[in-house]
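K.L.:
I'd like to ask some things about the structure below.
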Amino acid sequence: MTSFTALLDKEKIDREDIIRLLSAAGAEDMRRLYDRAYEVKKKHTGTAVYLRGLIEISNICRKNCLYCGIRRGNTSVERYSMNEDEIVEAALLAHEWGYGSIVIQSGERNGGDFTTFIEVIIRKINAQTSNGLGITLSLGEQSAETYLRWYQAGAHRYLLRIETSDRDLYRTLHPFDHSYERRIECLSTLKEIGYQTGTGVMIGLPGQTIEHLAGDIEFFLDIDADMIGMGPYIPHHDTPLGKSFPDSGIENGARLDLSLKMIAATRIALKDVNIASTTALQAIHDQGREMGILVGANVVMPNITPARYRRDYQLYDNKPCLDEYPSQCSVCIENRIKQIGETVGYHERGDSPHFFRRMKRSSEKKHNGTFNESL
Ligand code: SAH
Ligand code: SF4
């Protein structure tokens, strides 16, 4: 069997290799894994950490995912929707602070009014920042027409996690109104339209195994994702999954290690994608996001949702910084990044290098196709 060190040097890794990376145990092998992932990140995505200001625009959701605190079945949540001015104002603050991008996220809402609402907001933000902000959307499953309208209005990236790539586990977590095939179809439509396309999973779900997680990384490779957003699964007390498994079946330290190993192994396998160090990591360890950056993540999403809405957007328990103002979060995360010796990529969109490589490959394919046809 290849030694662990030799495994880290392999140019292309397979499923068995990924399982070995995720099973790394003992301080020495874990350190080697993390250091290698950090090196790969610096080589393929550069030295900066990019900031995406996260605006949680509404907690109204038509879905009922068993794990999520804002699922429609949770009647103890007070529902809200930020208005157009509030959203644009938050985006302008991010711009003023030198963030390269924002992420507009909400529960899943569909329909003509919502599509138009988002479209207008994207156009306004672009007009008022002279197209100076990268705009990422995280608004769930939508029709191809809606995705296209938002893209044409000037959104650049879309995040839609597969949550778990294992079909059986997926069905267990979404027994009501989800279809795995529909999720895949959405991801493929987003790529076709031209979005930088992101996906990801939750780590440490009840019933999830190392093999499932290795399958998730293979899935990221198979769909040729440009961005990855992953974080630990954290129970929410008012959800069916949270009630059935209040401690999620995995102890906090192990969940943190597993999340960091997933980031590191994903970096080693996918190389030049953008990987986010998510807030959920901070929820299980005060320095979780900094740890994520040091093991391969290159993106952080400071929460810039106005303080008055934060308590109502709790996807999981122990969400950090519920009473902070956006400006406090901004200063805090920037200091934290600097304290670990990393550089913030101010005024830069920090697009995924993988996206440009994918676009180039696809245009070469088209070009070769035309050439062959004309022979
Ligand atoms: N409604 C959209 C976006 C908001 S939810 C969507 O579902 O795509 C954003 C992400 O929050 C989800 O993709 C899910 O991975 C994560 N999430 C929800 N509940 C969670 C929990 N209990 N623990 C950790 N992450 C959770
Ligand atoms: Fe709604 Fe997204 Fe939560 Fe599912 S994960 S219930 S779609 S907000």
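Naming works like this for the structure tokens: A, B, ... for the chains as they're shown, residue 1 at the start of each chain, ligands 1 onward in shown order.
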Which residues are near ligand 1 in this structure, taking near to mean any atom at most 7 Å from a ligand atom and counting only C-alpha atoms and all ligand atoms? Format them as a ChimeraX atom specification.
P.N.:
/A:61,67-69,105-108,138-140,160-161,163,201-202,231-236,280,315-316
K.L.:
Pick out the residues sitting within 12 Å of Ile121 of chain A, and hand them over as a ChimeraX atom specification; count only C-alpha atoms, and ignore anything fewer than 5 positions along from it in its own chain.
P.N.:
/A:57,82-92,104,114-116,126-128,135,137,150,153-155
K.L.:
For C-alpha atoms, I'd like the residues from the last selection saved as a compact mmCIF listing (two decimals), in the first residue's frame.
P.N.:
# COMPACT_ATOMS: atom_id res chain seq x y z
CA ILE A 57 -32.93 38.12 2.61
CA MET A 82 -36.11 42.17 3.61
CA ASN A 83 -37.32 44.83 1.22
CA GLU A 84 -35.53 46.04 -1.88
CA ASP A 85 -33.95 49.08 -0.21
CA GLU A 86 -32.65 47.05 2.72
CA ILE A 87 -31.01 44.49 0.43
CA VAL A 88 -29.42 47.08 -1.84
CA GLU A 89 -28.21 49.03 1.19
CA ALA A 90 -26.52 45.91 2.62
CA ALA A 91 -24.85 45.25 -0.75
CA LEU A 92 -23.58 48.83 -0.94
CA ILE A 104 -27.96 36.66 -1.60
CA PHE A 114 -40.13 36.60 -6.52
CA THR A 115 -38.22 36.18 -9.80
CA THR A 116 -38.87 39.81 -10.72
CA ASN A 126 -24.91 46.35 -10.46
CA ALA A 127 -25.99 49.86 -11.49
CA GLN A 128 -25.10 51.39 -8.13
CA ILE A 135 -23.15 38.51 -7.10
CA LEU A 137 -27.25 33.62 -5.46
CA TRP A 150 -31.16 36.29 -12.98
CA ALA A 153 -29.67 40.61 -14.94
CA GLY A 154 -26.02 40.23 -13.87
CA ALA A 155 -25.68 37.47 -11.24
K.L.:
Which is closest to ligand 2 among A:Ala6, A:Ile250, A:Ile60, A:Met30, if we use only C-alpha atoms and all ligand atoms?
P.N.:
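Of A:Ala6, A:Ile250, A:Ile60, A:Met30, the one nearest ligand 2, counting only C-alpha atoms and all ligand atoms, is A:Ile60.
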K.L.:
So how many Å separate atom CA of Asp29 of chain A and atom CA of Leu205 of chain A, to one decimal?
P.N.:
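Here the two named atoms are 24.4 Å from each other.
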K.L.:
Neighbouring residues of Ile162 of chain A were defined as those with any atom within 8 Å, considering only C-alpha atoms; residues of the same chain fewer than 3 positions away were excluded. Please report them as a list of chain:residue names.
P.N.:
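My reading of the contact set: A:Ser165, A:Arg183, A:Ile184, A:Thr199, A:Gly200, A:Val201.
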K.L.:
Save the residues we just selected, all heavy atoms, as a PDB file, in the first residue's frame?
P.N.:
ATOM      1  N   SER A 165     -24.541  13.244  -1.602  1.00  0.00           N
ATOM      2  CA  SER A 165     -24.651  12.689  -2.960  1.00  0.00           C
ATOM      3  C   SER A 165     -25.209  11.268  -2.930  1.00  0.00           C
ATOM      4  O   SER A 165     -25.453  10.677  -3.972  1.00  0.00           O
ATOM      5  CB  SER A 165     -23.279  12.695  -3.644  1.00  0.00           C
ATOM      6  OG  SER A 165     -22.412  11.829  -2.945  1.00  0.00           O
ATOM      7  N   ARG A 183     -32.523  18.036  -8.474  1.00  0.00           N
ATOM      8  CA  ARG A 183     -31.378  18.784  -7.935  1.00  0.00           C
ATOM      9  C   ARG A 183     -30.230  18.754  -8.964  1.00  0.00           C
ATOM     10  O   ARG A 183     -29.623  19.764  -9.264  1.00  0.00           O
ATOM     11  CB  ARG A 183     -30.948  18.085  -6.637  1.00  0.00           C
ATOM     12  CG  ARG A 183     -30.176  18.928  -5.682  1.00  0.00           C
ATOM     13  CD  ARG A 183     -31.102  19.755  -4.837  1.00  0.00           C
ATOM     14  NE  ARG A 183     -30.419  20.525  -3.818  1.00  0.00           N
ATOM     15  CZ  ARG A 183     -30.971  21.542  -3.181  1.00  0.00           C
ATOM     16  NH1 ARG A 183     -32.202  21.918  -3.439  1.00  0.00           N
ATOM     17  NH2 ARG A 183     -30.295  22.190  -2.280  1.00  0.00           N
ATOM     18  N   ILE A 184     -29.975  17.561  -9.491  1.00  0.00           N
ATOM     19  CA  ILE A 184     -28.882  17.383 -10.467  1.00  0.00           C
ATOM     20  C   ILE A 184     -29.202  18.203 -11.715  1.00  0.00           C
ATOM     21  O   ILE A 184     -28.321  18.850 -12.299  1.00  0.00           O
ATOM     22  CB  ILE A 184     -28.750  15.883 -10.868  1.00  0.00           C
ATOM     23  CG1 ILE A 184     -28.531  15.020  -9.650  1.00  0.00           C
ATOM     24  CG2 ILE A 184     -27.675  15.677 -11.936  1.00  0.00           C
ATOM     25  CD1 ILE A 184     -27.142  14.962  -9.119  1.00  0.00           C
ATOM     26  N   THR A 199     -21.579  23.729  -5.258  1.00  0.00           N
ATOM     27  CA  THR A 199     -22.406  22.778  -4.554  1.00  0.00           C
ATOM     28  C   THR A 199     -21.701  22.421  -3.244  1.00  0.00           C
ATOM     29  O   THR A 199     -20.703  23.036  -2.896  1.00  0.00           O
ATOM     30  CB  THR A 199     -22.727  21.555  -5.443  1.00  0.00           C
ATOM     31  OG1 THR A 199     -23.742  20.785  -4.815  1.00  0.00           O
ATOM     32  CG2 THR A 199     -21.509  20.679  -5.689  1.00  0.00           C
ATOM     33  N   GLY A 200     -22.236  21.448  -2.531  1.00  0.00           N
ATOM     34  CA  GLY A 200     -21.594  21.085  -1.269  1.00  0.00           C
ATOM     35  C   GLY A 200     -22.485  20.165  -0.474  1.00  0.00           C
ATOM     36  O   GLY A 200     -23.581  19.783  -0.932  1.00  0.00           O
ATOM     37  N   VAL A 201     -22.025  19.801   0.696  1.00  0.00           N
ATOM     38  CA  VAL A 201     -22.749  18.838   1.521  1.00  0.00           C
ATOM     39  C   VAL A 201     -22.671  19.244   2.985  1.00  0.00           C
ATOM     40  O   VAL A 201     -21.879  20.107   3.357  1.00  0.00           O
ATOM     41  CB  VAL A 201     -22.133  17.420   1.381  1.00  0.00           C
ATOM     42  CG1 VAL A 201     -22.322  16.874  -0.024  1.00  0.00           C
ATOM     43  CG2 VAL A 201     -20.658  17.397   1.772  1.00  0.00           C
TER      44      VAL A 201
END
K.L.:
Quick one: DSSP strand (DSSP E or B) residues in segment 75-303 of chain A, as a PyMOL selection string?
P.N.:
chain A and resi 81+101-106+134-138+157-159+163+196-199+201-203+227-232+274-277+299-300+303
K.L.:
For Leu22 of chain A, which of A:Glu39, A:Asp351, A:Asp257, A:Glu251 is the closest residue, counting only C-alpha atoms?
P.N.:
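Closest to Leu22 of chain A, using only C-alpha atoms: A:Asp257.
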K.L.:
Looking only at the backbone, which of the residues in segment 85-178 of chain A does DSSP tag as alpha helix (DSSP H), as number ranges by chain?
P.N.:
A: 85-96, 112-128, 144-153, 167-173
K.L.:
Quick one: write out the picked residues with C-alpha atoms as a JSON list (two decimals), in the first residue's frame?
P.N.:
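Now in part.json:
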[["chain", "number", "residue", "atom", "x", "y", "z"],
["A", 85, "ASP", "CA", -33.95, 49.08, -0.21],
["A", 86, "GLU", "CA", -32.65, 47.05, 2.72],
["A", 87, "ILE", "CA", -31.01, 44.49, 0.43],
["A", 88, "VAL", "CA", -29.42, 47.08, -1.84],
["A", 89, "GLU", "CA", -28.21, 49.03, 1.19],
["A", 90, "ALA", "CA", -26.52, 45.91, 2.62],
["A", 91, "ALA", "CA", -24.85, 45.25, -0.75],
["A", 92, "LEU", "CA", -23.58, 48.83, -0.94],
["A", 93, "LEU", "CA", -22.07, 48.50, 2.55],
["A", 94, "ALA", "CA", -20.17, 45.39, 1.44],
["A", 95, "HIS", "CA", -18.93, 47.33, -1.57],
["A", 96, "GLU", "CA", -17.86, 50.24, 0.59],
["A", 112, "GLY", "CA", -43.12, 35.39, -11.01],
["A", 113, "ASP", "CA", -43.16, 38.04, -8.29],
["A", 114, "PHE", "CA", -40.13, 36.60, -6.52],
["A", 115, "THR", "CA", -38.22, 36.18, -9.80],
["A", 116, "THR", "CA", -38.87, 39.81, -10.72],
["A", 117, "PHE", "CA", -38.03, 41.02, -7.20],
["A", 118, "ILE", "CA", -34.58, 39.38, -7.35],
["A", 119, "GLU", "CA", -34.02, 40.48, -10.95],
["A", 120, "VAL", "CA", -34.66, 44.12, -10.05],
["A", 121, "ILE", "CA", -32.34, 43.90, -7.05],
["A", 122, "ILE", "CA", -29.48, 42.40, -9.09],
["A", 123, "ARG", "CA", -29.81, 45.19, -11.68],
["A", 124, "LYS", "CA", -29.91, 47.89, -9.01],
["A", 125, "ILE", "CA", -26.84, 46.57, -7.20],
["A", 126, "ASN", "CA", -24.91, 46.35, -10.46],
["A", 127, "ALA", "CA", -25.99, 49.86, -11.49],
["A", 128, "GLN", "CA", -25.10, 51.39, -8.13],
["A", 144, "ALA", "CA", -34.37, 27.26, -16.11],
["A", 145, "GLU", "CA", -36.12, 30.46, -17.18],
["A", 146, "THR", "CA", -35.72, 32.03, -13.75],
["A", 147, "TYR", "CA", -32.04, 31.04, -13.52],
["A", 148, "LEU", "CA", -31.52, 32.59, -16.97],
["A", 149, "ARG", "CA", -33.30, 35.83, -16.09],
["A", 150, "TRP", "CA", -31.16, 36.29, -12.98],
["A", 151, "TYR", "CA", -28.01, 35.53, -14.94],
["A", 152, "GLN", "CA", -28.97, 38.02, -17.63],
["A", 153, "ALA", "CA", -29.67, 40.61, -14.94],
["A", 167, "ARG", "CA", -29.44, 8.92, -3.10],
["A", 168, "ASP", "CA", -30.79, 6.85, -0.20],
["A", 169, "LEU", "CA", -29.56, 9.26, 2.45],
["A", 170, "TYR", "CA", -30.86, 12.16, 0.33],
["A", 171, "ARG", "CA", -34.31, 10.56, 0.26],
["A", 172, "THR", "CA", -34.25, 10.03, 4.02],
["A", 173, "LEU", "CA", -33.47, 13.71, 4.61]]
K.L.:
Can you pull out every residue within 12 Å of Asp312 of chain A, counting only C-alpha atoms, but drop anything in the same chain fewer than 5 positions away, and send it as an MDAnalysis selection string?
P.N.:
chainID A and resid 56:60 69:71 74:82 106:107 305:307 317 319 322:323
K.L.:
Need to verify the contact set: Phe356 of chain A, 10 Å, only C-alpha atoms, exclusion of same-chain residues closer than 6 positions in sequence. Can you return it as a PyMOL selection string?
P.N.:
chain A and resi 196+226+362
K.L.:
May I have the residues from that selection written out with C-alpha atoms, as a short mmCIF file (atom, residue, chain, number, x, y, z; two decimals), in the first residue's frame?
P.N.:
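Ended up saving to result-v1.cif:
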data_model
loop_
_atom_site.label_atom_id
_atom_site.label_comp_id
_atom_site.auth_asym_id
_atom_site.auth_seq_id
_atom_site.Cartn_x
_atom_site.Cartn_y
_atom_site.Cartn_z
CA GLN A 196 -19.92 29.71 -11.71
CA ASP A 226 -16.44 25.46 -9.64
CA SER A 362 -15.76 23.88 -23.38
#
K.L.:
Could you check which of A:Ala48, A:Ala24, A:Leu66, A:Val344 is closest to ligand 2, using only C-alpha atoms and all ligand atoms?
P.N.:
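Between A:Ala48, A:Ala24, A:Leu66, A:Val344, the residue approaching ligand 2 most closely is A:Leu66.
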K.L.:
What's the 10 Å shell around Glu348 of chain A, counting only C-alpha atoms, without same-chain residues fewer than 3 positions away, as a PyMOL selection string?
P.N.:
chain A and resi 48-51+98-101+132-134+344-345+351
K.L.:
Write out as a PyMOL selection string the residues lying within 10 Å of segment 9-15 of chain A, counting only C-alpha atoms and excluding same-chain residues fewer than 4 positions away.
P.N.:
chain A and resi 2+4-5+19-21+36+211+214-215+217-218+265+268-270
K.L.:
What does the file look like for those residues with N, CA, C and O atoms, as a PDB file, in the first residue's frame?
P.N.:
ATOM      1  N   THR A   2       0.484   2.272  -0.798  1.00  0.00           N
ATOM      2  CA  THR A   2       1.236   3.529  -0.830  1.00  0.00           C
ATOM      3  C   THR A   2       1.291   4.147   0.572  1.00  0.00           C
ATOM      4  O   THR A   2       0.301   4.092   1.297  1.00  0.00           O
ATOM      5  N   PHE A   4       1.265   7.157   3.376  1.00  0.00           N
ATOM      6  CA  PHE A   4       0.371   8.327   3.455  1.00  0.00           C
ATOM      7  C   PHE A   4       1.017   9.525   2.769  1.00  0.00           C
ATOM      8  O   PHE A   4       0.348  10.279   2.048  1.00  0.00           O
ATOM      9  N   THR A   5       2.330   9.692   2.945  1.00  0.00           N
ATOM     10  CA  THR A   5       3.024  10.827   2.342  1.00  0.00           C
ATOM     11  C   THR A   5       2.989  10.706   0.810  1.00  0.00           C
ATOM     12  O   THR A   5       2.714  11.695   0.105  1.00  0.00           O
ATOM     13  N   ILE A  19     -10.871   7.927   0.583  1.00  0.00           N
ATOM     14  CA  ILE A  19     -11.277   7.296   1.852  1.00  0.00           C
ATOM     15  C   ILE A  19     -10.103   7.309   2.830  1.00  0.00           C
ATOM     16  O   ILE A  19     -10.265   7.602   4.021  1.00  0.00           O
ATOM     17  N   ARG A  20      -8.905   7.052   2.310  1.00  0.00           N
ATOM     18  CA  ARG A  20      -7.731   7.068   3.212  1.00  0.00           C
ATOM     19  C   ARG A  20      -7.467   8.477   3.755  1.00  0.00           C
ATOM     20  O   ARG A  20      -7.123   8.644   4.918  1.00  0.00           O
ATOM     21  N   LEU A  21      -7.643   9.471   2.895  1.00  0.00           N
ATOM     22  CA  LEU A  21      -7.428  10.854   3.371  1.00  0.00           C
ATOM     23  C   LEU A  21      -8.432  11.195   4.476  1.00  0.00           C
ATOM     24  O   LEU A  21      -8.086  11.777   5.498  1.00  0.00           O
ATOM     25  N   ARG A  36      -0.519  19.785   3.218  1.00  0.00           N
ATOM     26  CA  ARG A  36      -0.530  19.543   1.768  1.00  0.00           C
ATOM     27  C   ARG A  36      -1.689  20.306   1.116  1.00  0.00           C
ATOM     28  O   ARG A  36      -1.546  20.935   0.076  1.00  0.00           O
ATOM     29  N   GLU A 211     -17.559   6.525   3.563  1.00  0.00           N
ATOM     30  CA  GLU A 211     -17.755   6.162   2.144  1.00  0.00           C
ATOM     31  C   GLU A 211     -18.703   7.162   1.470  1.00  0.00           C
ATOM     32  O   GLU A 211     -18.485   7.558   0.329  1.00  0.00           O
ATOM     33  N   ALA A 214     -16.686  10.274   0.838  1.00  0.00           N
ATOM     34  CA  ALA A 214     -15.764  10.080  -0.306  1.00  0.00           C
ATOM     35  C   ALA A 214     -16.570  10.177  -1.601  1.00  0.00           C
ATOM     36  O   ALA A 214     -16.130  10.786  -2.589  1.00  0.00           O
ATOM     37  N   GLY A 215     -17.783   9.598  -1.575  1.00  0.00           N
ATOM     38  CA  GLY A 215     -18.674   9.685  -2.739  1.00  0.00           C
ATOM     39  C   GLY A 215     -19.031  11.132  -3.048  1.00  0.00           C
ATOM     40  O   GLY A 215     -19.180  11.522  -4.210  1.00  0.00           O
ATOM     41  N   ILE A 217     -17.092  13.769  -2.621  1.00  0.00           N
ATOM     42  CA  ILE A 217     -15.959  14.406  -3.326  1.00  0.00           C
ATOM     43  C   ILE A 217     -15.909  13.905  -4.776  1.00  0.00           C
ATOM     44  O   ILE A 217     -15.664  14.678  -5.708  1.00  0.00           O
ATOM     45  N   GLU A 218     -16.206  12.622  -4.962  1.00  0.00           N
ATOM     46  CA  GLU A 218     -16.271  12.105  -6.344  1.00  0.00           C
ATOM     47  C   GLU A 218     -17.370  12.820  -7.122  1.00  0.00           C
ATOM     48  O   GLU A 218     -17.221  13.123  -8.304  1.00  0.00           O
ATOM     49  N   ALA A 265      -9.327  17.251   1.887  1.00  0.00           N
ATOM     50  CA  ALA A 265      -9.354  16.233   0.824  1.00  0.00           C
ATOM     51  C   ALA A 265      -9.984  16.806  -0.442  1.00  0.00           C
ATOM     52  O   ALA A 265      -9.547  16.501  -1.567  1.00  0.00           O
ATOM     53  N   ILE A 268      -7.370  18.882  -2.195  1.00  0.00           N
ATOM     54  CA  ILE A 268      -6.356  18.052  -2.857  1.00  0.00           C
ATOM     55  C   ILE A 268      -6.938  17.414  -4.119  1.00  0.00           C
ATOM     56  O   ILE A 268      -6.285  17.346  -5.157  1.00  0.00           O
ATOM     57  N   ALA A 269      -8.197  17.002  -4.062  1.00  0.00           N
ATOM     58  CA  ALA A 269      -8.802  16.343  -5.227  1.00  0.00           C
ATOM     59  C   ALA A 269      -9.187  17.334  -6.315  1.00  0.00           C
ATOM     60  O   ALA A 269      -8.993  17.077  -7.499  1.00  0.00           O
ATOM     61  N   LEU A 270      -9.736  18.497  -5.946  1.00  0.00           N
ATOM     62  CA  LEU A 270     -10.289  19.413  -6.966  1.00  0.00           C
ATOM     63  C   LEU A 270      -9.355  20.576  -7.318  1.00  0.00           C
ATOM     64  O   LEU A 270      -9.588  21.288  -8.287  1.00  0.00           O
TER      65      LEU A 270
END
K.L.:
Which one of A:Ile193, A:Ala254, A:Leu159, A:Val273 sits closest to ligand 2 if you count only C-alpha atoms and all ligand atoms?
P.N.:
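That would be A:Leu159, the residue with the smallest distance to ligand 2.
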K.L.:
Taking into account only C-alpha atoms, which residue in the set A:Ala25, A:Ile18, A:Ala264, A:Leu241 is nearest to Asp216 of chain A?
P.N.:
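Looking at the shortest contact to Asp216 of chain A, the residue is A:Ile18.
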K.L.:
What is the distance, in Å and to one decimal place, between atom CA of Lys360 of chain A and atom CA of Thr45 of chain A?
P.N.:
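Taking atom CA of Lys360 of chain A and atom CA of Thr45 of chain A, their separation equals 17.1 Å.
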